[in-house]
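File shown: final09.cif. Contents: mmCIF, C-alpha atoms.
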data_upload
#
loop_
_atom_site.label_atom_id
_atom_site.label_comp_id
_atom_site.auth_asym_id
_atom_site.auth_seq_id
_atom_site.Cartn_x
_atom_site.Cartn_y
_atom_site.Cartn_z
CA VAL A 1 -247.45 -159.45 -130.13
CA ARG A 2 -250.25 -156.86 -130.26
CA GLN A 3 -252.44 -158.89 -127.92
CA GLY A 4 -249.68 -159.10 -125.32
CA ALA A 5 -249.79 -162.90 -125.34
CA LEU A 6 -246.05 -163.28 -125.98
CA GLN A 7 -243.54 -162.77 -123.19
CA VAL A 8 -240.45 -163.24 -125.34
CA VAL A 9 -239.92 -162.22 -128.98
CA VAL A 10 -236.80 -163.42 -130.80
CA ALA A 11 -236.22 -161.50 -134.04
CA PRO A 12 -233.38 -161.17 -136.58
CA ALA A 13 -231.75 -157.85 -137.42
CA ASP A 14 -233.77 -157.72 -140.64
CA ALA A 15 -236.98 -157.46 -138.61
CA ARG A 16 -235.70 -154.32 -136.85
CA MET A 17 -234.89 -152.72 -140.22
CA HIS A 18 -238.25 -153.57 -141.76
CA ARG A 19 -240.78 -150.73 -142.10
CA LEU A 20 -244.18 -151.60 -140.71
CA MET A 21 -247.65 -150.08 -140.86
CA PRO A 22 -248.95 -148.09 -137.86
CA PRO A 23 -250.04 -150.54 -135.12
CA GLN A 24 -253.55 -149.08 -135.01
CA LEU A 25 -254.07 -149.91 -138.69
CA LEU A 26 -253.06 -153.50 -138.05
CA ASP A 27 -255.51 -153.70 -135.14
CA ALA A 28 -258.34 -152.23 -137.24
CA HIS A 29 -257.86 -154.79 -140.03
CA CYS A 30 -257.76 -157.92 -137.88
CA ILE A 31 -261.02 -159.87 -138.28
CA PRO A 32 -262.27 -161.80 -135.22
CA LEU A 33 -264.63 -164.70 -135.90
CA SER A 34 -266.57 -166.81 -133.46
CA GLU A 35 -269.45 -169.27 -133.65
CA GLY A 36 -272.81 -167.55 -133.30
CA MET A 37 -271.57 -164.02 -134.08
CA ARG A 38 -273.61 -161.78 -136.36
CA LEU A 39 -271.81 -161.21 -139.65
CA THR A 40 -273.11 -161.09 -143.20
CA ARG A 41 -271.20 -162.69 -146.02
CA GLU A 42 -271.03 -159.34 -147.82
CA GLU A 43 -269.46 -157.67 -144.78
CA ALA A 44 -266.97 -160.51 -144.40
CA VAL A 45 -265.91 -160.19 -148.05
CA ARG A 46 -265.60 -156.40 -147.75
CA ARG A 47 -263.39 -156.66 -144.69
CA LEU A 48 -261.20 -159.36 -146.26
CA VAL A 49 -260.62 -157.28 -149.39
CA GLN A 50 -259.83 -154.24 -147.24
CA ALA A 51 -257.34 -156.36 -145.29
CA GLY A 52 -255.49 -157.24 -148.50
CA TYR A 53 -256.87 -160.73 -149.25
CA GLN A 54 -257.19 -161.89 -152.85
CA ARG A 55 -260.47 -163.46 -153.94
CA GLU A 56 -260.12 -166.75 -155.82
CA GLU A 57 -262.35 -169.56 -157.06
CA MET A 58 -260.58 -171.95 -154.66
CA VAL A 59 -258.22 -171.27 -151.78
CA GLU A 60 -254.83 -172.79 -152.55
CA GLY A 61 -252.42 -170.46 -150.76
CA LYS A 62 -252.03 -167.90 -148.02
CA GLY A 63 -253.67 -164.50 -148.42
CA GLN A 64 -256.57 -165.93 -150.43
CA PHE A 65 -260.30 -166.36 -149.82
CA ALA A 66 -263.19 -167.92 -151.70
CA LEU A 67 -266.95 -167.63 -151.24
CA ARG A 68 -269.25 -170.36 -152.46
CA GLY A 69 -272.84 -169.90 -151.36
CA GLY A 70 -272.86 -169.92 -147.58
CA ILE A 71 -269.28 -171.20 -147.22
CA LEU A 72 -266.30 -168.87 -146.87
CA ASP A 73 -262.77 -170.29 -147.13
CA VAL A 74 -259.87 -168.14 -145.92
CA PHE A 75 -256.13 -168.75 -145.53
CA ALA A 76 -254.53 -166.12 -143.27
CA PRO A 77 -250.81 -165.42 -143.87
CA ASP A 78 -249.92 -166.13 -140.24
CA ALA A 79 -252.02 -169.33 -139.95
CA LEU A 80 -250.82 -172.93 -140.13
CA SER A 81 -253.94 -174.00 -142.02
CA ALA A 82 -256.89 -172.44 -143.83
CA ILE A 83 -260.30 -172.11 -142.20
CA ARG A 84 -263.80 -172.76 -143.51
CA VAL A 85 -266.63 -170.58 -142.19
CA GLU A 86 -270.21 -171.73 -142.71
CA PHE A 87 -272.96 -169.11 -142.53
CA PHE A 88 -276.59 -169.54 -141.59
CA ASP A 89 -278.27 -166.39 -142.90
CA ASP A 90 -276.26 -163.55 -141.30
CA GLU A 91 -274.74 -165.63 -138.54
CA VAL A 92 -271.51 -167.63 -138.30
CA ASP A 93 -272.74 -171.21 -137.90
CA SER A 94 -269.41 -173.06 -137.69
CA ILE A 95 -265.65 -172.60 -138.12
CA ARG A 96 -263.33 -175.42 -139.15
CA SER A 97 -259.74 -175.68 -140.30
CA PHE A 98 -259.20 -177.53 -143.59
CA ASP A 99 -256.45 -178.92 -145.77
CA VAL A 100 -255.94 -176.86 -148.93
CA LEU A 101 -254.65 -179.93 -150.80
CA THR A 102 -257.61 -182.19 -150.13
CA GLN A 103 -260.09 -179.37 -149.38
CA ARG A 104 -261.38 -181.50 -146.50
CA SER A 105 -262.33 -180.00 -143.14
CA THR A 106 -260.29 -181.15 -140.14
CA THR A 107 -260.62 -179.48 -136.73
CA ARG A 108 -263.60 -177.53 -135.43
CA LEU A 109 -262.86 -174.13 -133.88
CA THR A 110 -265.03 -171.98 -131.65
CA GLU A 111 -263.21 -168.76 -132.53
CA THR A 112 -260.26 -167.39 -134.47
CA VAL A 113 -258.73 -164.10 -135.62
CA LEU A 114 -257.78 -163.45 -139.26
CA GLY A 115 -254.73 -161.24 -139.54
CA PRO A 116 -254.29 -158.92 -142.54
CA ALA A 117 -252.78 -160.15 -145.81
CA SER A 118 -250.92 -156.93 -146.63
CA GLU A 119 -248.14 -154.92 -145.02
CA ALA A 120 -249.45 -151.68 -146.50
CA LEU A 121 -252.97 -151.26 -145.15
CA MET A 122 -254.95 -148.08 -145.64
CA ASP A 123 -258.04 -146.20 -144.55
CA ARG A 124 -259.47 -143.19 -146.40
CA GLU A 125 -257.62 -140.57 -144.35
CA THR A 126 -254.29 -142.41 -144.46
CA GLY A 127 -254.71 -143.13 -148.18
CA LYS A 128 -255.25 -139.48 -149.14
CA ALA A 129 -252.21 -138.41 -147.12
CA ALA A 130 -250.13 -141.18 -148.72
CA VAL A 131 -251.10 -140.07 -152.23
CA LYS A 132 -250.11 -136.49 -151.40
CA ARG A 133 -246.68 -137.63 -150.21
CA LEU A 134 -246.25 -139.84 -153.29
CA ARG A 135 -247.06 -136.99 -155.67
CA GLU A 136 -244.77 -134.60 -153.81
CA ALA A 137 -241.94 -137.15 -153.91
CA LEU A 138 -242.47 -137.68 -157.63
CA GLY A 139 -242.25 -133.93 -158.10
CA GLN A 140 -245.66 -133.22 -159.56
CA GLU A 141 -249.29 -132.58 -158.58
CA GLY A 142 -251.17 -134.07 -161.51
CA ALA A 143 -250.62 -137.23 -163.54
CA VAL A 144 -247.59 -139.37 -162.86
CA GLN A 145 -244.56 -138.01 -164.69
CA PRO A 146 -241.58 -139.58 -162.94
CA SER A 147 -239.03 -137.82 -165.13
CA ALA A 148 -239.98 -134.55 -163.38
CA SER A 149 -239.06 -135.90 -159.95
CA LYS A 150 -236.74 -133.91 -157.70
CA ALA A 151 -234.86 -137.18 -157.24
CA PHE A 152 -233.17 -136.48 -160.58
CA VAL A 153 -231.64 -133.29 -159.19
CA GLU A 154 -230.59 -134.26 -155.69
CA LEU A 155 -229.00 -137.68 -155.65
CA PRO A 156 -228.22 -139.26 -152.25
CA PRO A 157 -224.57 -139.88 -151.28
CA LEU A 158 -222.78 -143.13 -151.77
CA PRO A 159 -222.59 -145.30 -148.64
CA GLU A 160 -218.82 -145.59 -148.96
CA ASP A 161 -218.55 -141.80 -148.65
CA GLU A 162 -219.46 -142.08 -144.98
CA GLU A 163 -217.17 -143.60 -142.38
CA ASP A 164 -219.87 -145.04 -140.11
CA VAL A 165 -223.22 -145.57 -141.80
CA LEU A 166 -224.78 -147.61 -138.98
CA PRO A 167 -225.70 -146.11 -135.59
CA GLY A 168 -226.58 -148.22 -132.56
CA LEU A 169 -228.80 -151.06 -133.74
CA TRP A 170 -231.89 -150.60 -131.56
CA GLU A 171 -231.67 -146.80 -131.57
CA MET A 172 -231.24 -146.81 -135.34
CA ASP A 173 -233.83 -144.61 -137.08
CA VAL A 174 -234.56 -146.34 -140.38
CA SER A 175 -235.28 -142.95 -141.95
CA ASP A 176 -231.60 -142.03 -141.40
CA ALA A 177 -230.26 -145.08 -143.23
CA PRO A 178 -227.84 -144.32 -146.10
CA LYS A 179 -229.73 -143.69 -149.29
CA THR A 180 -229.00 -145.77 -152.35
CA PRO A 181 -227.57 -143.84 -155.29
CA ALA A 182 -230.05 -143.54 -158.14
CA VAL A 183 -228.98 -143.80 -161.74
CA ALA A 184 -231.33 -140.94 -162.50
CA THR A 185 -229.97 -139.91 -165.85
CA ALA A 186 -230.56 -143.38 -167.24
CA PHE A 187 -234.01 -143.77 -165.70
CA SER A 188 -237.28 -143.67 -167.57
CA MET A 189 -240.42 -145.18 -166.07
CA GLY A 190 -242.31 -147.05 -168.74
CA GLU A 191 -245.73 -145.78 -169.77
CA ARG A 192 -247.36 -148.95 -168.50
CA SER A 193 -245.74 -148.58 -165.06
CA ALA A 194 -246.74 -144.93 -164.85
CA ASP A 195 -250.36 -145.75 -165.75
CA LEU A 196 -250.44 -148.51 -163.14
CA LEU A 197 -249.07 -146.21 -160.45
CA GLU A 198 -251.73 -143.61 -161.30
CA ILE A 199 -254.47 -146.23 -160.88
CA GLN A 200 -252.94 -147.42 -157.61
CA MET A 201 -252.84 -143.89 -156.23
CA GLU A 202 -256.48 -143.34 -157.18
CA ASN A 203 -257.40 -146.49 -155.23
CA LEU A 204 -255.27 -145.38 -152.30
CA SER A 205 -257.09 -142.05 -152.15
CA GLN A 206 -260.32 -144.02 -151.64
CA GLY A 207 -258.80 -145.83 -148.67
CA ASP A 208 -258.42 -149.12 -150.53
CA THR A 209 -255.57 -151.53 -149.76
CA VAL A 210 -253.54 -151.90 -152.95
CA ARG A 211 -251.35 -154.93 -153.60
CA GLY A 212 -247.68 -154.16 -154.14
CA MET A 213 -247.66 -150.75 -152.43
CA GLU A 214 -245.13 -152.06 -149.89
CA ARG A 215 -242.48 -150.89 -152.36
CA TRP A 216 -243.45 -147.31 -151.44
CA ALA A 217 -243.46 -148.02 -147.68
CA HIS A 218 -241.31 -144.99 -146.81
CA LEU A 219 -243.98 -142.65 -148.22
CA LEU A 220 -247.24 -144.32 -147.18
CA TYR A 221 -247.43 -143.21 -143.56
CA ASP A 222 -246.78 -140.06 -141.56
CA ARG A 223 -243.54 -141.48 -140.19
CA ASP A 224 -241.53 -144.69 -140.06
CA TYR A 225 -242.87 -147.47 -137.85
CA SER A 226 -240.77 -150.42 -136.76
CA LEU A 227 -240.91 -153.39 -134.41
CA SER A 228 -240.37 -151.19 -131.35
CA GLU A 229 -243.80 -149.55 -131.83
CA TYR A 230 -245.47 -152.94 -131.51
CA LEU A 231 -243.96 -153.70 -128.09
CA GLU A 232 -244.95 -152.15 -124.79
CA HIS A 233 -241.97 -151.14 -122.61
CA PRO A 234 -239.71 -153.89 -124.00
CA ILE A 235 -236.45 -155.06 -122.48
CA VAL A 236 -234.13 -155.43 -125.46
CA ILE A 237 -231.18 -157.82 -125.48
CA LEU A 238 -228.80 -157.74 -128.44
CA ASP A 239 -227.01 -161.03 -129.08
CA GLU A 240 -223.60 -160.45 -130.69
CA PRO A 241 -224.11 -156.74 -131.58
CA GLU A 242 -221.21 -156.64 -134.03
CA SER A 243 -222.68 -159.54 -135.99
CA LEU A 244 -226.01 -157.71 -136.04
CA ARG A 245 -224.31 -154.59 -137.39
CA GLY A 246 -222.68 -156.68 -140.09
CA ARG A 247 -226.02 -158.19 -141.08
CA CYS A 248 -227.62 -154.73 -141.27
CA ASN A 249 -224.83 -153.54 -143.53
CA ASN A 250 -225.07 -156.62 -145.75
CA ARG A 251 -228.84 -156.26 -145.98
CA HIS A 252 -228.45 -152.69 -147.16
CA LEU A 253 -225.92 -153.71 -149.81
CA GLU A 254 -228.28 -156.47 -151.00
CA PHE A 255 -231.06 -153.95 -151.38
CA GLN A 256 -228.69 -151.57 -153.17
CA GLU A 257 -227.87 -154.15 -155.83
CA ALA A 258 -231.49 -155.23 -156.30
CA TYR A 259 -232.57 -151.60 -156.55
CA LYS A 260 -229.97 -150.74 -159.20
CA SER A 261 -231.06 -153.74 -161.28
CA ALA A 262 -234.71 -152.70 -160.97
CA LEU A 263 -233.84 -149.19 -162.15
CA LEU A 264 -232.14 -150.56 -165.25
CA ARG A 265 -235.22 -152.71 -165.98
CA GLU A 266 -237.41 -149.60 -165.54
CA GLU A 267 -239.23 -151.35 -162.69
CA ALA A 268 -238.30 -148.85 -159.99
CA HIS A 269 -238.18 -145.11 -159.43
CA PRO A 270 -235.26 -143.15 -157.91
CA VAL A 271 -237.49 -142.14 -154.99
CA GLN A 272 -237.64 -145.80 -153.96
CA GLY A 273 -233.93 -145.68 -153.21
CA GLU A 274 -234.90 -144.30 -149.79
CA LEU A 275 -236.60 -147.57 -148.82
#
Rewrite the structure from the file as structure tokens, please.
Amino acid sequence: VRQGALQVVVAPADARMHRLMPPQLLDAHCIPLSEGMRLTREEAVRRLVQAGYQREEMVEGKGQFALRGGILDVFAPDALSAIRVEFFDDEVDSIRSFDVLTQRSTTRLTETVLGPASEALMDRETGKAAVKRLREALGQEGAVQPSASKAFVELPPLPEDEEDVLPGLWEMDVSDAPKTPAVATAFSMGERSADLLEIQMENLSQGDTVRGMERWAHLLYDRDYSLSEYLEHPIVILDEPESLRGRCNNRHLEFQEAYKSALLREEAHPVQGEL
């Protein structure tokens, strides 16, 4: 989509509701590879980690990479098969696809592009701003103390209190979606969860991509980004608009139930009700 290679994009209603990272962050974290290009193994590993890939001893699934001597195995989330990159000093010597089950190389490639393995990518500037918004939303400036959050005081309205909770589908601003009621009085974030969030925010402030931060997507960036920001002057056709509205409503109710359950398990915070 970002390269303009697609002329038609068919997407479900869920894709329009999904919050995305800023397009420029996606572009910055894509990793082009080609035979003969200059690239050190250390730089390749750094860029993969920054793009959200998980380092493993052996690549067995998407979003993973492994480095063994001069051989780098990577399985991009949007790829049909993993690739094996062989280095000669600081140069890409060859690129091949391989089967993760047999670990055997198959087709030789002259070039490829590795897409990111996270939907919540960061750089240093974006990370610091995200941490500031997180702390403000949690109602404190220092260590994580979720019980002090303003979310305990001002609870969002129930969806059934509003007659029409869904505006026009394509014009719908996801930030205006009905907020899920938070069972704030019964909420208490466990000490372990609070400690983990503090560590994650410290990593974010350094510009690191942190696994699992998608659950705070509504606070990570300066505004909400959706599919429309990834398309240039699109012509939008809605197939069966009423059915799409119904799906949007059902998707919100599904999230509502999952969110309430997570609150009771102390695995969510009232602020996340705005997702």
* Asked: Given the file above and the PyMOL selection byres ((chain A and resi 210) around 9), which residues are selected, and can you give them as a ChimeraX atom specification?
  -> /A:50,52,118,120-122,200-201,203-204,208-209,211-214
Restricted to C-alpha atoms, what would the selected residues look like written as a PDB file, keeping the file's coordinate frame?
ATOM      1  CA  GLN A  50    -259.830-154.240-147.240  1.00  0.00           C
ATOM      2  CA  GLY A  52    -255.490-157.240-148.500  1.00  0.00           C
ATOM      3  CA  SER A 118    -250.920-156.930-146.630  1.00  0.00           C
ATOM      4  CA  ALA A 120    -249.450-151.680-146.500  1.00  0.00           C
ATOM      5  CA  LEU A 121    -252.970-151.260-145.150  1.00  0.00           C
ATOM      6  CA  MET A 122    -254.950-148.080-145.640  1.00  0.00           C
ATOM      7  CA  GLN A 200    -252.940-147.420-157.610  1.00  0.00           C
ATOM      8  CA  MET A 201    -252.840-143.890-156.230  1.00  0.00           C
ATOM      9  CA  ASN A 203    -257.400-146.490-155.230  1.00  0.00           C
ATOM     10  CA  LEU A 204    -255.270-145.380-152.300  1.00  0.00           C
ATOM     11  CA  ASP A 208    -258.420-149.120-150.530  1.00  0.00           C
ATOM     12  CA  THR A 209    -255.570-151.530-149.760  1.00  0.00           C
ATOM     13  CA  ARG A 211    -251.350-154.930-153.600  1.00  0.00           C
ATOM     14  CA  GLY A 212    -247.680-154.160-154.140  1.00  0.00           C
ATOM     15  CA  MET A 213    -247.660-150.750-152.430  1.00  0.00           C
ATOM     16  CA  GLU A 214    -245.130-152.060-149.890  1.00  0.00           C
TER      17      GLU A 214
END
* **Near-A:Gln54 list (12 Å; all atoms listed in the file; drop same-chain fewer than 4 positions) as JSON, numbers by chain** => {"A": [45, 46, 47, 48, 49, 50, 58, 59, 60, 61, 62, 63, 64, 65, 66, 67, 73, 74, 75, 76, 77, 116, 117, 118, 209, 210, 211]}
* To do: Using the chain letters and residue numbers of this document, give as a PyMOL selection string the residues selected by the PyMOL selection byres ((chain A and resi 19) around 6).
  => chain A and resi 18+20+225-226
* Asked: Applied to this file, what does the PyMOL selection byres ((chain A and resi 100) around 8) return in terms of residues, put as an NGL selection string?
  -> :A and (59-61 or 81-82 or 98-99 or 101-104)
Emit the selected residues as a PDB file, in the coordinates of the input, including C-alpha atoms.
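Result file is again-v4.pdb:
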ATOM      1  CA  VAL A  59    -258.220-171.270-151.780  1.00  0.00           C
ATOM      2  CA  GLU A  60    -254.830-172.790-152.550  1.00  0.00           C
ATOM      3  CA  GLY A  61    -252.420-170.460-150.760  1.00  0.00           C
ATOM      4  CA  SER A  81    -253.940-174.000-142.020  1.00  0.00           C
ATOM      5  CA  ALA A  82    -256.890-172.440-143.830  1.00  0.00           C
ATOM      6  CA  PHE A  98    -259.200-177.530-143.590  1.00  0.00           C
ATOM      7  CA  ASP A  99    -256.450-178.920-145.770  1.00  0.00           C
ATOM      8  CA  LEU A 101    -254.650-179.930-150.800  1.00  0.00           C
ATOM      9  CA  THR A 102    -257.610-182.190-150.130  1.00  0.00           C
ATOM     10  CA  GLN A 103    -260.090-179.370-149.380  1.00  0.00           C
ATOM     11  CA  ARG A 104    -261.380-181.500-146.500  1.00  0.00           C
TER      12      ARG A 104
END
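Counting only C-alpha atoms and comparing A:Asp123, A:Glu35, A:Glu42, A:Glu56, the residue that lies closest to A:Leu109 is A:Glu35.
Of note, atom CA of A:Val9 and atom CA of A:Thr107 are spaced 28.0 Å apart.
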* To do: Considering only C-alpha atoms, return as a list in words whatever protein or nucleic-acid residues lie within 6 Å of stretch 235-251 of chain A, sequence-local ones (same chain, fewer than 2 positions apart) excluded.
  => Ala13, Leu253 and Glu254 of chain A
* Which neighbours of A:Arg84 fall inside 6 Å, counting only C-alpha atoms, when residues of the same chain fewer than 4 positions from it are skipped, and could you give them as a list in words? -> Leu72, Asp73, Ile95, Arg96 and Ser97 of chain A
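Atom pair atom CA of A:Gln7 / atom CA of A:Ala51: separated by 26.8 Å.
When all atoms listed in the file are used to compute distances to A:Arg124, the closest of the residues A:Phe255, A:Glu91, A:Asp224, A:Gln206 turns out to be A:Gln206.
You can rank A:His29, A:Tyr53, A:Asp222, A:Phe88 by their closest distance to A:Val113 using all atoms listed in the file, and at the top of that list sits A:His29.
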* Using only C-alpha atoms, which of A:Arg38, A:Arg215, A:Arg133, A:Arg68 sits nearest A:Tyr259? -> A:Arg215
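Between atom CA of A:Val92 and atom CA of A:Met37 there is a distance of 5.6 Å.
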* To do: Identify which of the residues A:Glu125, A:Asp27, A:Glu111, A:Asp78 lies closest to A:Tyr221, counting all atoms listed in the file when measuring atom-to-atom distances.
  => A:Glu125
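Residue nearest A:Gly36, chosen from A:Gln24, A:Leu134, A:Val85, A:Glu266 and counting only C-alpha atoms: A:Val85.
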Fix up stretch 256-266 of chain A with all heavy atoms, then write it as a JSON list (two decimals), in the frame of the given file.
[["chain", "number", "residue", "atom", "x", "y", "z"],
["A", 256, "GLN", "N", -229.33, -152.48, -152.22],
["A", 256, "GLN", "CA", -228.69, -151.57, -153.17],
["A", 256, "GLN", "C", -228.55, -152.22, -154.54],
["A", 256, "GLN", "O", -228.90, -151.62, -155.57],
["A", 256, "GLN", "CB", -227.32, -151.17, -152.62],
["A", 256, "GLN", "CG", -226.70, -149.94, -153.27],
["A", 256, "GLN", "CD", -225.42, -149.57, -152.55],
["A", 256, "GLN", "OE1", -224.61, -150.45, -152.23],
["A", 256, "GLN", "NE2", -225.25, -148.31, -152.28],
["A", 257, "GLU", "N", -228.07, -153.46, -154.56],
["A", 257, "GLU", "CA", -227.87, -154.15, -155.83],
["A", 257, "GLU", "C", -229.20, -154.45, -156.51],
["A", 257, "GLU", "O", -229.36, -154.29, -157.73],
["A", 257, "GLU", "CB", -227.08, -155.44, -155.60],
["A", 257, "GLU", "CG", -225.63, -155.21, -155.19],
["A", 257, "GLU", "CD", -224.87, -154.38, -156.20],
["A", 257, "GLU", "OE1", -225.01, -154.65, -157.43],
["A", 257, "GLU", "OE2", -224.16, -153.45, -155.79],
["A", 258, "ALA", "N", -230.18, -154.92, -155.73],
["A", 258, "ALA", "CA", -231.49, -155.23, -156.30],
["A", 258, "ALA", "C", -232.16, -153.97, -156.84],
["A", 258, "ALA", "O", -232.80, -153.99, -157.89],
["A", 258, "ALA", "CB", -232.38, -155.88, -155.24],
["A", 259, "TYR", "N", -231.97, -152.87, -156.14],
["A", 259, "TYR", "CA", -232.57, -151.60, -156.55],
["A", 259, "TYR", "C", -231.95, -151.09, -157.86],
["A", 259, "TYR", "O", -232.65, -150.63, -158.77],
["A", 259, "TYR", "CB", -232.38, -150.58, -155.42],
["A", 259, "TYR", "CG", -232.73, -149.16, -155.80],
["A", 259, "TYR", "CD1", -234.05, -148.79, -156.06],
["A", 259, "TYR", "CD2", -231.74, -148.18, -155.87],
["A", 259, "TYR", "CE1", -234.37, -147.49, -156.40],
["A", 259, "TYR", "CE2", -232.05, -146.88, -156.19],
["A", 259, "TYR", "CZ", -233.36, -146.54, -156.45],
["A", 259, "TYR", "OH", -233.68, -145.25, -156.79],
["A", 260, "LYS", "N", -230.63, -151.18, -157.97],
["A", 260, "LYS", "CA", -229.97, -150.74, -159.20],
["A", 260, "LYS", "C", -230.45, -151.56, -160.40],
["A", 260, "LYS", "O", -230.70, -151.02, -161.47],
["A", 260, "LYS", "CB", -228.45, -150.88, -159.05],
["A", 260, "LYS", "CG", -227.82, -149.84, -158.14],
["A", 260, "LYS", "CD", -226.32, -150.09, -158.05],
["A", 260, "LYS", "CE", -225.64, -149.09, -157.14],
["A", 260, "LYS", "NZ", -224.17, -149.33, -157.03],
["A", 261, "SER", "N", -230.59, -152.87, -160.20],
["A", 261, "SER", "CA", -231.06, -153.74, -161.28],
["A", 261, "SER", "C", -232.49, -153.37, -161.68],
["A", 261, "SER", "O", -232.82, -153.34, -162.87],
["A", 261, "SER", "CB", -231.00, -155.20, -160.85],
["A", 261, "SER", "OG", -229.68, -155.60, -160.57],
["A", 262, "ALA", "N", -233.33, -153.08, -160.68],
["A", 262, "ALA", "CA", -234.71, -152.70, -160.97],
["A", 262, "ALA", "C", -234.78, -151.39, -161.73],
["A", 262, "ALA", "O", -235.62, -151.20, -162.61],
["A", 262, "ALA", "CB", -235.51, -152.60, -159.67],
["A", 263, "LEU", "N", -233.88, -150.46, -161.41],
["A", 263, "LEU", "CA", -233.84, -149.19, -162.15],
["A", 263, "LEU", "C", -233.52, -149.43, -163.62],
["A", 263, "LEU", "O", -234.15, -148.85, -164.51],
["A", 263, "LEU", "CB", -232.77, -148.27, -161.54],
["A", 263, "LEU", "CG", -233.16, -147.40, -160.35],
["A", 263, "LEU", "CD1", -231.97, -146.59, -159.90],
["A", 263, "LEU", "CD2", -234.33, -146.48, -160.70],
["A", 264, "LEU", "N", -232.54, -150.28, -163.87],
["A", 264, "LEU", "CA", -232.14, -150.56, -165.25],
["A", 264, "LEU", "C", -233.25, -151.26, -166.03],
["A", 264, "LEU", "O", -233.36, -151.09, -167.24],
["A", 264, "LEU", "CB", -230.87, -151.41, -165.26],
["A", 264, "LEU", "CG", -229.61, -150.72, -164.70],
["A", 264, "LEU", "CD1", -228.44, -151.69, -164.68],
["A", 264, "LEU", "CD2", -229.26, -149.49, -165.53],
["A", 265, "ARG", "N", -234.09, -152.03, -165.33],
["A", 265, "ARG", "CA", -235.22, -152.71, -165.98],
["A", 265, "ARG", "C", -236.45, -151.80, -166.06],
["A", 265, "ARG", "O", -237.49, -152.24, -166.53],
["A", 265, "ARG", "CB", -235.58, -153.99, -165.21],
["A", 265, "ARG", "CG", -234.50, -155.04, -165.19],
["A", 265, "ARG", "CD", -235.06, -156.37, -164.70],
["A", 265, "ARG", "NE", -235.72, -156.25, -163.40],
["A", 265, "ARG", "CZ", -235.09, -156.41, -162.23],
["A", 265, "ARG", "NH1", -233.79, -156.70, -162.21],
["A", 265, "ARG", "NH2", -235.77, -156.30, -161.10],
["A", 266, "GLU", "N", -236.29, -150.55, -165.57],
["A", 266, "GLU", "CA", -237.41, -149.60, -165.54],
["A", 266, "GLU", "C", -238.57, -150.12, -164.68],
["A", 266, "GLU", "O", -239.74, -149.89, -164.97],
["A", 266, "GLU", "CB", -237.91, -149.24, -166.95],
["A", 266, "GLU", "CG", -236.85, -148.62, -167.83],
["A", 266, "GLU", "CD", -237.39, -148.20, -169.18],
["A", 266, "GLU", "OE1", -238.60, -148.36, -169.42],
["A", 266, "GLU", "OE2", -236.61, -147.70, -170.00]]
